[in-house]
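*Asks:* Below is the file start-v5.csv, which contains CSV, C-alpha atoms and all ligand atoms.
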```
chain,number,residue,atom,x,y,z
A,1,THR,CA,64.1,117.2,33.1
A,2,LYS,CA,66.1,117.6,29.9
A,3,HIS,CA,69.2,118.0,32.0
A,4,PHE,CA,68.8,114.6,33.5
A,5,PRO,CA,68.6,112.3,30.5
A,6,VAL,CA,69.2,108.9,32.0
A,7,ARG,CA,68.2,107.5,35.3
A,8,ARG,CA,67.8,104.0,36.5
A,9,THR,CA,67.0,102.8,39.9
A,10,GLY,CA,66.2,99.6,41.8
A,11,ARG,CA,67.5,96.1,41.6
A,12,ASP,CA,68.7,94.1,38.7
A,13,LEU,CA,69.2,90.5,37.9
A,14,VAL,CA,71.3,89.4,35.1
A,15,VAL,CA,71.0,86.0,33.7
A,16,GLY,CA,74.3,84.1,33.6
A,17,ARG,CA,75.0,80.8,31.9
A,18,ARG,CA,73.4,78.5,34.4
A,19,ARG,CA,72.1,80.6,37.1
A,20,THR,CA,70.9,84.1,37.9
A,21,VAL,CA,73.8,86.3,38.9
A,22,HIS,CA,73.0,89.2,41.1
A,23,ALA,CA,75.3,91.5,39.3
A,24,VAL,CA,74.3,95.0,40.3
A,25,ASP,CA,72.1,96.1,43.1
A,26,ASP,CA,70.3,99.2,44.0
A,27,VAL,CA,72.3,101.2,41.5
A,28,SER,CA,70.9,104.6,40.8
A,29,LEU,CA,72.6,107.2,38.6
A,30,HIS,CA,71.8,110.4,36.9
A,31,LEU,CA,73.6,111.4,33.7
A,32,ARG,CA,73.4,115.1,32.9
A,33,ARG,CA,73.9,116.9,29.6
A,34,SER,CA,77.3,118.3,29.0
A,35,THR,CA,78.7,116.3,31.8
A,36,VAL,CA,81.1,113.4,32.1
A,37,THR,CA,80.2,111.0,34.9
A,38,ALA,CA,82.9,108.4,35.8
A,39,LEU,CA,81.9,105.0,37.2
A,40,VAL,CA,85.1,103.7,38.8
A,41,GLY,CA,85.7,100.2,40.1
A,42,GLU,CA,87.9,97.1,39.8
A,43,SER,CA,87.1,94.3,37.4
A,44,GLY,CA,84.1,92.3,38.6
A,45,SER,CA,82.5,95.3,40.3
A,46,GLY,CA,79.6,95.3,37.9
A,47,LYS,CA,80.5,98.6,36.2
A,48,SER,CA,80.3,97.2,32.7
A,49,THR,CA,77.0,95.5,33.6
A,50,VAL,CA,75.6,99.0,34.3
A,51,ALA,CA,76.7,100.2,30.8
A,52,ARG,CA,75.1,97.1,29.2
A,53,LEU,CA,71.9,97.6,31.1
A,54,LEU,CA,71.7,101.2,30.1
A,55,ALA,CA,72.4,100.2,26.5
A,56,GLN,CA,69.6,97.6,26.7
A,57,LEU,CA,72.0,94.8,25.9
A,58,TYR,CA,71.0,93.1,29.1
A,59,PRO,CA,67.4,92.9,30.2
A,60,LEU,CA,66.4,94.9,33.2
A,61,THR,CA,64.7,92.8,35.7
A,62,GLY,CA,63.9,95.5,38.1
A,63,GLY,CA,64.0,99.3,38.4
A,64,GLU,CA,63.7,101.6,35.4
A,65,ILE,CA,65.5,103.7,32.9
A,66,ARG,CA,64.3,107.2,32.1
A,67,LEU,CA,65.5,109.3,29.2
A,68,GLY,CA,64.6,113.0,29.4
A,69,GLY,CA,62.1,112.2,32.1
A,70,GLN,CA,60.3,109.4,30.1
A,71,ALA,CA,60.4,105.8,31.3
A,72,VAL,CA,61.8,103.5,28.6
A,73,LYS,CA,60.2,100.1,28.0
A,74,ALA,CA,62.2,97.3,26.4
A,75,GLY,CA,60.7,95.9,23.3
A,76,ARG,CA,60.3,97.0,19.7
A,77,GLY,CA,58.2,100.1,20.1
A,78,ARG,CA,59.1,103.5,18.7
A,79,SER,CA,60.2,104.8,22.1
A,80,PHE,CA,62.5,101.9,22.5
A,81,ARG,CA,64.1,102.4,19.1
A,82,SER,CA,64.5,106.0,19.8
A,83,TYR,CA,66.2,105.2,23.1
A,84,VAL,CA,68.6,102.8,21.5
A,85,ARG,CA,69.5,105.5,18.9
A,86,GLN,CA,70.0,108.1,21.6
A,87,VAL,CA,72.1,106.0,23.9
A,88,GLN,CA,75.3,104.8,22.2
A,89,LEU,CA,77.9,102.4,23.6
A,90,ILE,CA,81.6,102.6,22.9
A,91,PHE,CA,83.6,99.5,23.7
A,92,GLN,CA,87.0,99.0,25.1
A,93,ASP,CA,88.5,97.3,22.1
A,94,PRO,CA,87.8,99.3,18.9
A,95,PHE,CA,89.4,96.5,16.8
A,96,ALA,CA,86.8,94.0,17.9
A,97,SER,CA,83.9,96.5,17.5
A,98,LEU,CA,84.7,97.3,13.9
A,99,ASN,CA,84.2,94.7,11.2
A,100,PRO,CA,87.6,94.0,9.7
A,101,VAL,CA,86.3,93.4,6.1
A,102,HIS,CA,84.6,96.8,5.9
A,103,THR,CA,86.0,100.2,5.4
A,104,VAL,CA,85.5,103.3,7.5
A,105,ARG,CA,83.0,104.6,4.8
A,106,TYR,CA,80.9,101.4,5.2
A,107,HIS,CA,80.8,101.6,9.0
A,108,LEU,CA,79.8,105.3,9.0
A,109,THR,CA,77.3,105.0,6.1
A,110,ARG,CA,75.6,102.0,7.8
A,111,ALA,CA,75.4,103.8,11.1
A,112,LEU,CA,73.8,106.9,9.5
A,113,ARG,CA,71.3,104.8,7.5
A,114,ILE,CA,70.3,102.5,10.4
A,115,HIS,CA,69.2,105.6,12.2
A,116,GLY,CA,67.4,107.0,9.2
A,117,ARG,CA,69.9,109.7,8.3
A,118,GLU,CA,71.3,110.5,4.9
A,119,ALA,CA,74.8,109.3,4.3
A,120,THR,CA,76.1,111.9,1.9
A,121,GLY,CA,79.8,112.7,1.4
A,122,THR,CA,79.3,115.8,3.5
A,123,GLU,CA,77.8,113.9,6.3
A,124,LEU,CA,80.6,111.4,6.3
A,125,THR,CA,83.2,114.1,6.2
A,126,GLU,CA,81.5,115.9,9.1
A,127,LEU,CA,81.5,112.8,11.3
A,128,LEU,CA,85.2,112.3,10.7
A,129,GLU,CA,86.0,116.0,11.4
A,130,ARG,CA,84.1,115.7,14.6
A,131,VAL,CA,86.6,113.0,15.8
A,132,GLN,CA,89.5,115.0,14.3
A,133,LEU,CA,90.3,112.5,11.6
A,134,THR,CA,91.2,115.0,8.8
A,135,PRO,CA,91.3,115.2,5.9
A,136,ALA,CA,88.4,112.8,5.8
A,137,ALA,CA,89.3,111.6,2.3
A,138,GLN,CA,92.5,110.1,3.8
A,139,TYR,CA,90.4,107.8,6.1
A,140,LEU,CA,87.2,106.9,4.4
A,141,ASP,CA,88.4,104.0,2.3
A,142,LYS,CA,90.7,102.5,4.9
A,143,PHE,CA,90.1,99.2,6.6
A,144,PRO,CA,90.4,98.9,10.4
A,145,HIS,CA,93.7,97.2,10.3
A,146,GLU,CA,95.2,100.1,8.3
A,147,LEU,CA,94.5,102.4,11.3
A,148,SER,CA,96.2,102.9,14.6
A,149,GLY,CA,94.4,101.9,17.8
A,150,GLY,CA,93.6,105.6,18.5
A,151,GLN,CA,92.3,106.1,15.0
A,152,ARG,CA,90.1,103.0,15.3
A,153,GLN,CA,88.6,104.3,18.5
A,154,ARG,CA,87.9,107.6,16.9
A,155,VAL,CA,86.1,105.8,14.0
A,156,ALA,CA,84.1,103.9,16.6
A,157,ILE,CA,83.2,107.2,18.3
A,158,ALA,CA,82.3,108.7,14.9
A,159,ARG,CA,80.0,105.7,14.2
A,160,ALA,CA,78.3,106.3,17.5
A,161,LEU,CA,77.9,110.0,16.7
A,162,GLY,CA,76.2,108.8,13.4
A,163,ALA,CA,73.2,108.0,15.5
A,164,ASP,CA,73.0,111.6,16.8
A,165,PRO,CA,73.0,110.4,20.4
A,166,LYS,CA,72.3,112.3,23.6
A,167,VAL,CA,74.2,109.8,25.7
A,168,LEU,CA,77.6,108.0,25.2
A,169,LEU,CA,78.4,105.1,27.4
A,170,ALA,CA,82.2,104.6,27.1
A,171,ASP,CA,83.3,101.4,28.7
A,172,GLU,CA,87.1,101.7,29.3
A,173,PRO,CA,87.5,103.5,26.0
A,174,VAL,CA,91.2,104.1,26.4
A,175,SER,CA,92.5,101.2,28.5
A,176,MET,CA,93.6,99.2,25.4
A,177,LEU,CA,95.3,102.2,23.8
A,178,ASP,CA,98.9,103.2,24.2
A,179,VAL,CA,99.4,105.5,27.1
A,180,SER,CA,100.7,108.2,24.8
A,181,ILE,CA,97.4,108.5,22.9
A,182,ARG,CA,94.9,108.0,25.8
A,183,LEU,CA,94.8,111.7,26.7
A,184,GLY,CA,94.0,112.7,23.1
A,185,VAL,CA,91.0,110.4,23.0
A,186,LEU,CA,89.8,111.6,26.4
A,187,ASN,CA,90.2,115.2,25.3
A,188,LEU,CA,88.2,114.4,22.2
A,189,LEU,CA,85.4,113.0,24.3
A,190,ARG,CA,85.5,116.0,26.5
A,191,ASP,CA,85.3,118.3,23.5
A,192,LEU,CA,82.3,116.4,22.2
A,193,LYS,CA,80.6,116.7,25.5
A,194,GLU,CA,80.8,120.4,25.3
A,195,ARG,CA,80.0,120.9,21.6
A,196,LEU,CA,77.2,118.3,21.3
A,197,HIS,CA,76.0,118.7,24.9
A,198,LEU,CA,76.4,114.9,25.4
A,199,ALA,CA,75.9,113.1,28.7
A,200,ILE,CA,78.9,110.7,28.9
A,201,LEU,CA,79.3,107.8,31.2
A,202,TYR,CA,83.0,107.0,31.5
A,203,ILE,CA,83.6,103.6,32.9
A,204,THR,CA,87.1,103.0,34.2
A,205,HIS,CA,89.3,101.2,36.8
A,206,ASP,CA,91.5,104.2,36.8
A,207,ILE,CA,90.4,106.7,39.4
A,208,ALA,CA,93.3,109.1,38.5
A,209,SER,CA,91.8,109.5,35.0
A,210,ALA,CA,88.4,110.1,36.5
A,211,ARG,CA,89.8,113.0,38.4
A,212,TYR,CA,91.3,114.4,35.2
A,213,PHE,CA,88.4,113.8,32.9
A,214,ALA,CA,85.1,113.5,34.7
A,215,ASP,CA,82.9,116.1,36.3
A,216,THR,CA,81.3,113.7,38.7
A,217,THR,CA,82.7,110.4,40.0
A,218,LEU,CA,80.9,107.4,41.3
A,219,VAL,CA,82.8,104.5,42.9
A,220,MET,CA,81.4,101.0,42.6
A,221,TYR,CA,82.2,98.0,44.8
A,222,ALA,CA,80.8,94.5,44.5
A,223,GLY,CA,77.7,95.6,42.5
A,224,ARG,CA,76.9,98.7,44.5
A,225,ILE,CA,77.8,102.3,44.2
A,226,VAL,CA,79.5,103.2,47.5
A,227,GLU,CA,80.5,106.8,47.0
A,228,GLY,CA,79.7,109.7,44.8
A,229,GLY,CA,80.3,113.4,44.4
A,230,ASP,CA,82.1,115.9,42.2
A,231,SER,CA,85.4,114.4,40.9
A,232,GLU,CA,87.6,116.9,42.6
A,233,THR,CA,86.1,116.1,46.0
A,234,VAL,CA,85.9,112.4,45.7
A,235,THR,CA,89.5,112.1,44.6
A,236,GLN,CA,90.9,114.7,46.9
A,237,ARG,CA,88.9,113.8,50.0
A,238,PRO,CA,87.6,110.3,49.5
A,239,ALA,CA,85.1,109.4,52.3
A,240,HIS,CA,84.5,105.7,51.7
A,241,PRO,CA,87.3,103.4,52.9
A,242,TYR,CA,87.2,101.6,49.6
A,243,THR,CA,87.7,104.8,47.7
A,244,GLN,CA,90.6,105.6,50.1
A,245,LEU,CA,92.1,102.3,49.2
A,246,LEU,CA,91.8,103.0,45.5
A,247,ILE,CA,93.4,106.4,45.8
A,248,ALA,CA,96.2,105.2,48.1
A,249,SER,CA,97.1,102.5,45.6
A,250,ALA,CA,97.0,104.8,42.7
A,251,PRO,CA,99.8,107.3,43.1
A,252,ASP,CA,100.1,107.8,39.4
A,253,PRO,CA,97.8,106.9,36.5
A,254,ASP,CA,100.0,104.3,34.9
A,255,ARG,CA,100.4,102.3,38.1
A,256,VAL,CA,96.7,102.1,39.1
A,257,VAL,CA,96.0,98.7,37.8
A,258,ALA,CA,99.2,96.9,38.8
A,259,GLU,CA,99.1,98.4,42.3
A,260,ALA,CA,95.4,97.7,42.8
A,261,GLU,CA,95.9,94.1,41.7
A,262,GLN,CA,98.7,93.6,44.1
A,263,GLU,CA,96.6,95.0,46.9
A,264,GLU,CA,93.8,92.6,46.1
A,265,ALA,CA,96.2,89.6,46.1
A,266,GLY,CA,97.4,90.6,49.5
A,267,SER,CA,94.1,91.4,51.1
A,268,GLY,CA,91.5,89.1,49.5
A,269,GLU,CA,89.6,88.9,46.3
A,270,PRO,CA,86.6,91.1,45.6
A,271,PRO,CA,83.6,89.2,46.7
A,272,SER,CA,81.4,87.0,44.6
A,273,LEU,CA,78.4,88.8,43.2
A,274,ILE,CA,76.4,85.6,43.5
A,275,ALA,CA,76.7,85.4,47.2
A,276,PRO,CA,78.0,88.8,48.4
A,277,PRO,CA,79.0,89.3,52.0
A,278,ALA,CA,76.2,90.4,54.4
A,279,GLY,CA,76.1,93.9,55.7
A,280,CYS,CA,78.6,96.2,54.0
A,281,ARG,CA,80.0,94.2,51.2
A,282,PHE,CA,83.4,95.8,51.8
A,283,HIS,CA,83.6,94.7,55.4
A,284,PRO,CA,85.9,91.7,54.9
A,285,ARG,CA,88.6,94.0,53.4
A,286,CYS,CA,87.9,97.2,55.4
A,287,PRO,CA,90.4,98.4,57.9
A,288,LYS,CA,87.8,100.4,59.7
A,289,ALA,CA,85.1,97.7,59.9
A,290,MET,CA,82.9,97.8,63.0
A,291,GLU,CA,80.5,95.3,64.4
A,292,ARG,CA,77.4,96.6,62.7
A,293,CYS,CA,79.2,96.5,59.3
A,294,ARG,CA,79.0,92.7,59.3
A,295,THR,CA,75.2,92.6,59.4
A,296,GLU,CA,73.7,95.9,58.4
A,297,LEU,CA,73.9,97.3,54.9
A,298,PRO,CA,74.9,101.0,55.1
A,299,PRO,CA,72.6,103.5,53.4
A,300,ARG,CA,73.9,106.6,51.7
A,301,PHE,CA,75.0,109.3,54.0
A,302,GLU,CA,75.1,112.8,52.7
A,303,LEU,CA,78.3,114.7,53.3
A,304,ALA,CA,79.1,118.3,52.4
A,305,ASP,CA,79.2,119.7,48.8
A,306,GLY,CA,77.0,116.9,47.3
A,307,GLN,CA,79.4,114.2,48.3
A,308,TRP,CA,77.9,111.0,49.8
A,309,ALA,CA,79.1,107.7,51.0
A,310,ALA,CA,77.4,104.4,51.9
A,311,CYS,CA,79.4,103.7,55.0
A,312,TRP,CA,78.6,103.5,58.7
A,313,LEU,CA,81.4,105.8,59.6
A,314,TYR,CA,79.2,108.7,58.6
A,315,ALA,CA,76.0,107.5,60.3
A,316,ASP,CA,76.0,110.1,63.0
A,317,GLY,CA,77.4,112.9,60.9
A,318,ALA,CA,80.4,112.9,63.2
A,319,GLU,CA,82.9,112.4,60.4
A,320,THR,CA,82.0,114.7,57.6
A,321,THR,CA,84.1,116.4,55.0
A,322,ASP,CA,85.0,118.9,57.7
A,323,ASN,CA,87.2,116.2,59.2
A,324,ALA,CA,88.1,114.6,55.9
A,325,GLY,CA,91.4,116.4,55.9
A,326,ASP,CA,92.4,113.3,58.0
A,327,HIS,CA,92.4,111.3,54.8
A,328,GLU,CA,94.8,113.6,53.0
A,329,LYS,CA,98.3,112.4,53.3
A,401,LIG,FE1,84.1,99.8,56.3
A,401,LIG,FE2,82.0,99.6,57.8
A,401,LIG,FE3,82.2,101.7,56.2
A,401,LIG,FE4,81.8,99.3,55.2
A,401,LIG,S1,80.4,100.5,56.4
A,401,LIG,S2,83.3,100.7,54.4
A,401,LIG,S3,83.0,98.0,56.6
A,401,LIG,S4,83.5,101.2,58.0
A,402,MG,MG,84.5,95.6,32.2
```
Step by step, read the file and then write its structure as structure tokens.
Ligand code: SF4
Ligand code: MG
*Replies:*
Amino acid sequence: TKHFPVRRTGRDLVVGRRRTVHAVDDVSLHLRRSTVTALVGESGSGKSTVARLLAQLYPLTGGEIRLGGQAVKAGRGRSFRSYVRQVQLIFQDPFASLNPVHTVRYHLTRALRIHGREATGTELTELLERVQLTPAAQYLDKFPHELSGGQRQRVAIARALGADPKVLLADEPVSMLDVSIRLGVLNLLRDLKERLHLAILYITHDIASARYFADTTLVMYAGRIVEGGDSETVTQRPAHPYTQLLIASAPDPDRVVAEAEQEEAGSGEPPSLIAPPAGCRFHPRCPKAMERCRTELPPRFELADGQWAACWLYADGAETTDNAGDHEK
């Protein structure tokens, strides 16, 4: 099972301020070594919640997480500490995640020591070389504000690597960076995936970048994963009407957000996760909704080539990827 380092299944409840928010439901995912898995969805879909649950920042109130085949129990035991070391989270805003009063050297030294590793000059240099900040001496004594956004995100990644992780959870890691440097950071992550055999969960609202960067793509809507498969298939022949909407409104990567937001304004907000619609949660917005969609929750239907969709259109196998050319415009 070493190729399937993280798995969680079942239902989750996340405690909000006053009430319990049913944030993600029946989410099950497998992250594999040397593989980038994209989790795509609009804001409020619950995709960041999945990352925080996997990072153990939120308590899991149902289901389980496995790492390398072993179930992980929250708490303070050795297996929990080992899990927290091996599964590292990278945030959207590197400026907020680095302490402004401390240098790069401090951040990296601390990361190494927390995880019981030596923080010699060689180790620090190696971490910075891994994220292509060279020569290292030029960066070690800089403060966060002396670095560009891309450099700060690279330092945040180096700090995560200081834990010698198996899994990186990257929550919109480039969405706050200039468009011109996004590709460089994504390429760096892809390079690390290969060289360090990392399993990477890439959380994004940008399905075009998933196609470019991820091996596998999962699409999330209103707290549930509604489609999955290899990135090429999901983005070229989307099966779920919601994925089709995302693709149709994303003709080029830079327009994804603006277009998707306009679409939402025109055709209704994404549903509340506190009281989601009955049946298929997408039915109020779905152009192909049928009677049963209003009352019955669609299970996953397997299509060809490992693609699947939770949508009643595929219930009788009538509309499979053989016919999916219909979706290509
Ligand atoms: Fe649309 Fe029905 Fe499929 Fe949901 S199950 S996406 S409402 S066709
Ligand atoms: Mg988010």
*Asks:* Step by step, measure atom-to-atom distances between ligand MG 402 (chain A) and each residue using all atoms listed in the file, keep those at most 8 Å, then write them as a list in words.
*Replies:*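 The distance check yields Ser43, Gly44, Gly46, Lys47, Ser48, Thr49, Asp171 and Glu172 of chain A.
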*Asks:* Tell me which protein, DNA and RNA residues are within 9 Å of Phe213 in chain A, counting only C-alpha atoms, leaving out same-chain ones fewer than 3 positions away, and put them as a PyMOL selection string.
*Replies:* chain A and resi 36-38+186-187+190+202+208-210+231
*Asks:* In Å, rounded to a single decimal, give me how far CA of Gln92 in chain A is from CA of Leu177 in chain A.
*Replies:*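 Separation between CA of Leu177 in chain A and CA of Gln92 in chain A: 9.0 Å.
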*Asks:* Select from chain A every residue with an atom at most 12 Å from any atom of ligand LIG 401 (chain A), then for each give the shortest pair of atoms and their distance in Å to one decimal, using only C-alpha atoms and all ligand atoms, rows by chain and rising number, as CSV.
*Replies:*
```
residue,atom,partner,partner_atom,distance
A:Met220,CA,A:LIG401,S2,12.0
A:Tyr221,CA,A:LIG401,S2,10.0
A:Ala222,CA,A:LIG401,FE4,11.8
A:Arg224,CA,A:LIG401,FE4,11.8
A:Ile225,CA,A:LIG401,S2,11.7
A:Val226,CA,A:LIG401,S2,8.3
A:Glu227,CA,A:LIG401,S2,10.0
A:Pro238,CA,A:LIG401,S2,11.6
A:Ala239,CA,A:LIG401,FE3,9.1
A:His240,CA,A:LIG401,S2,5.8
A:Pro241,CA,A:LIG401,S2,5.1
A:Tyr242,CA,A:LIG401,S2,6.2
A:Thr243,CA,A:LIG401,S2,9.0
A:Gln244,CA,A:LIG401,S2,9.8
A:Leu245,CA,A:LIG401,S2,10.3
A:Pro277,CA,A:LIG401,S3,10.6
A:Ala278,CA,A:LIG401,S3,10.4
A:Gly279,CA,A:LIG401,FE4,7.9
A:Cys280,CA,A:LIG401,FE4,4.6
A:Arg281,CA,A:LIG401,FE4,6.7
A:Phe282,CA,A:LIG401,FE4,5.1
A:His283,CA,A:LIG401,S3,3.6
A:Pro284,CA,A:LIG401,S3,7.1
A:Arg285,CA,A:LIG401,S3,7.6
A:Cys286,CA,A:LIG401,FE1,4.7
A:Pro287,CA,A:LIG401,FE1,6.6
A:Lys288,CA,A:LIG401,S4,4.7
A:Ala289,CA,A:LIG401,S3,3.9
A:Met290,CA,A:LIG401,FE2,5.6
A:Glu291,CA,A:LIG401,FE2,8.0
A:Arg292,CA,A:LIG401,FE2,7.4
A:Cys293,CA,A:LIG401,FE2,4.4
A:Arg294,CA,A:LIG401,S3,7.2
A:Thr295,CA,A:LIG401,FE2,9.9
A:Glu296,CA,A:LIG401,S1,8.4
A:Leu297,CA,A:LIG401,S1,7.4
A:Pro298,CA,A:LIG401,S1,5.7
A:Pro299,CA,A:LIG401,S1,8.9
A:Arg300,CA,A:LIG401,S1,10.1
A:Phe301,CA,A:LIG401,S1,10.6
A:Ala309,CA,A:LIG401,FE3,8.5
A:Ala310,CA,A:LIG401,S1,6.7
A:Cys311,CA,A:LIG401,S1,3.6
A:Trp312,CA,A:LIG401,S1,4.2
A:Leu313,CA,A:LIG401,S4,5.3
A:Tyr314,CA,A:LIG401,FE3,8.0
A:Ala315,CA,A:LIG401,S1,9.1
A:Glu319,CA,A:LIG401,S4,11.5
```
*Asks:* A:Thr125, A:Thr120, A:Thr61, A:Gln56: which is nearest Val24 in chain A, counting all atoms listed in the file?
*Replies:*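 Once distances to Val24 in chain A are computed over all atoms listed in the file, the minimum belongs to A:Thr61.
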*Asks:* Per residue of range 163-259 of chain A within 12 Å of range 104-118 of chain A, note the shortest atom pair and the distance in Å to one decimal, counting all atoms listed in the file, and order the rows by chain and increasing residue number, as JSON lines.
*Replies:*
```
{"residue": "A:Ala163", "atom": "CA", "partner": "A:His115", "partner_atom": "CA", "distance": 5.7}
{"residue": "A:Asp164", "atom": "CA", "partner": "A:His115", "partner_atom": "CA", "distance": 8.5}
{"residue": "A:Pro165", "atom": "CA", "partner": "A:His115", "partner_atom": "CA", "distance": 10.2}
```
*Asks:* Just the selected residues (C-alpha atoms), exported as a PDB file, in the coordinates of the input, please.
*Replies:*
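And here is the file that came out, out.pdb:
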```pdb
ATOM      1  CA  ALA A 163      73.200 108.000  15.500  1.00  0.00           C
ATOM      2  CA  ASP A 164      73.000 111.600  16.800  1.00  0.00           C
ATOM      3  CA  PRO A 165      73.000 110.400  20.400  1.00  0.00           C
TER       4      PRO A 165
END
```
